[in-house]
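Q: What follows is a single structure, and I will ask about it in a moment.
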Amino acid sequence: MSEATAPKDLSTIQLGTMFTPRVANMLGREGIRTLGDLMTCTHHDLDRLPAFGVGTMATIDAVLAERGLRLDRRDPHQPTLLEEFDTVLDQRDQLLALIERITDSVSTVEGLRDIDTTLGGMDTKPTMRQAATRRRNDRR
């Protein structure tokens with residue numbers, strides 16, 4: 001690969017060469033001066049910056065897209081899909097164990113007691129995302 005076509009180190013590319021002075025200054029005030037600095041940010045990080053709106057975000061997205069780059073859009077406070085899936089599997093396993101205990105129980109009364117005990121320990125009201133978020137926060 002020739003030197004002209006070799007990708008540059010992102011930490012050497014100044015944002016002033018890519019963006020309008022307004023956008024580059026807004027980012028610079030937050031300590032984001034190079035493309036390498038910018039690529040460590042998420043949409044969520046930039047949304048929290050003062051005077052940062054939809055238009056500024058669209059400008060950044062467009063300039064990065066021209067270079068085949070994009071910022072992570074995931075909110076770091078939301079659970080990942082893997083964490084949500086893990087929560088669903090955990091709840092499924094609890095329900096399967098309950099069904100197995102009910103079918104193995106000798107009497108209906110004993111089975112109903114198992115249902116009350118198991119469901120009493122499960123919070124069935126939140127959505128899967130809320131349950132995964134709570135579980136993620138409990139692990140911290």
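Here's how to read the names in the structure tokens: chain A, B, ... by the order shown, residue numbers from 1 in each chain, ligand numbers from 1 in the order shown.
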Please identify all polymer residues within 10 Å of stretch 85-89 of chain A, counting only C-alpha atoms, omitting same-chain residues fewer than 2 positions from it, and present them as number ranges by chain.

A: A: 79-83, 91-95, 128-136

Q: Considering only strand (DSSP E or B) as DSSP defines it on the backbone, what residues of chain A qualify? List them as a VMD selection string.

A: chain A and resid 14 34 42 72

Q: For A:Leu49, please output as a VMD selection string all residues within 10 Å (counting only C-alpha atoms; exclusion window: fewer than 6 positions along the same chain).

A: chain A and resid 26 to 27 29 to 30

Q: With distances taken over only C-alpha atoms, which residue among A:Leu38, A:Leu46, A:Ala51, A:Leu119 lies nearest A:Leu69?

A: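 Going through A:Leu38, A:Leu46, A:Ala51, A:Leu119 one by one, the smallest distance to A:Leu69 is for A:Leu38.
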
Q: Show me, as a PyMOL selection string, the residues that have an atom within 8 Å of A:Leu112 when counting only C-alpha atoms, minus same-chain residues fewer than 4 positions from it.

A: chain A and resi 102+108+116

Q: Interatomic distance between atom CA of A:Leu35 and atom CA of A:Gln14?

A: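 Value for the atom CA of A:Leu35-atom CA of A:Gln14 distance: 6.3 Å.
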
Q: Could you pull the residues within 12 Å of A:Arg101, counting only C-alpha atoms, minus those fewer than 2 positions along the same chain, as a list in words?

A: Gln94, Leu95, Leu96, Ala97, Leu98, Ile99, Thr103, Asp104, Ser105, Val106, Ser107, Thr108, Glu110, Gly111, Leu112, Arg113, Asp114, Ile115, Thr117 and Thr118 of chain A

Q: Can those selected residues be exported to a file as a PDB file, in the first residue's frame so that it contains C-alpha atoms?

A:
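After the write, again_34.pdb holds the following:
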```pdb
ATOM      1  CA  GLN A  94     -37.449 -20.181  36.373  1.00  0.00           C
ATOM      2  CA  LEU A  95     -40.793 -20.822  34.690  1.00  0.00           C
ATOM      3  CA  LEU A  96     -39.681 -24.201  33.306  1.00  0.00           C
ATOM      4  CA  ALA A  97     -38.502 -25.246  36.764  1.00  0.00           C
ATOM      5  CA  LEU A  98     -41.867 -24.188  38.154  1.00  0.00           C
ATOM      6  CA  ILE A  99     -43.754 -26.209  35.547  1.00  0.00           C
ATOM      7  CA  THR A 103     -46.155 -31.678  37.226  1.00  0.00           C
ATOM      8  CA  ASP A 104     -44.109 -33.631  39.766  1.00  0.00           C
ATOM      9  CA  SER A 105     -46.215 -32.543  42.735  1.00  0.00           C
ATOM     10  CA  VAL A 106     -48.528 -35.049  44.290  1.00  0.00           C
ATOM     11  CA  SER A 107     -51.338 -32.644  45.029  1.00  0.00           C
ATOM     12  CA  THR A 108     -52.832 -29.530  43.507  1.00  0.00           C
ATOM     13  CA  GLU A 110     -48.667 -28.298  46.715  1.00  0.00           C
ATOM     14  CA  GLY A 111     -48.479 -27.158  43.077  1.00  0.00           C
ATOM     15  CA  LEU A 112     -50.367 -23.947  43.820  1.00  0.00           C
ATOM     16  CA  ARG A 113     -48.035 -23.255  46.736  1.00  0.00           C
ATOM     17  CA  ASP A 114     -45.055 -23.642  44.365  1.00  0.00           C
ATOM     18  CA  ILE A 115     -46.661 -21.206  41.917  1.00  0.00           C
ATOM     19  CA  THR A 117     -43.651 -19.017  45.957  1.00  0.00           C
ATOM     20  CA  THR A 118     -41.999 -18.767  42.534  1.00  0.00           C
TER      21      THR A 118
END
```

Q: Compare A:Ile13, A:Ala24, A:Leu64, A:Leu71 by their minimum atom-to-atom distance to A:Phe52, counting only C-alpha atoms, and give me the closest one.

A: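 Of the candidates, the smallest distance to A:Phe52 is held by A:Ala24.
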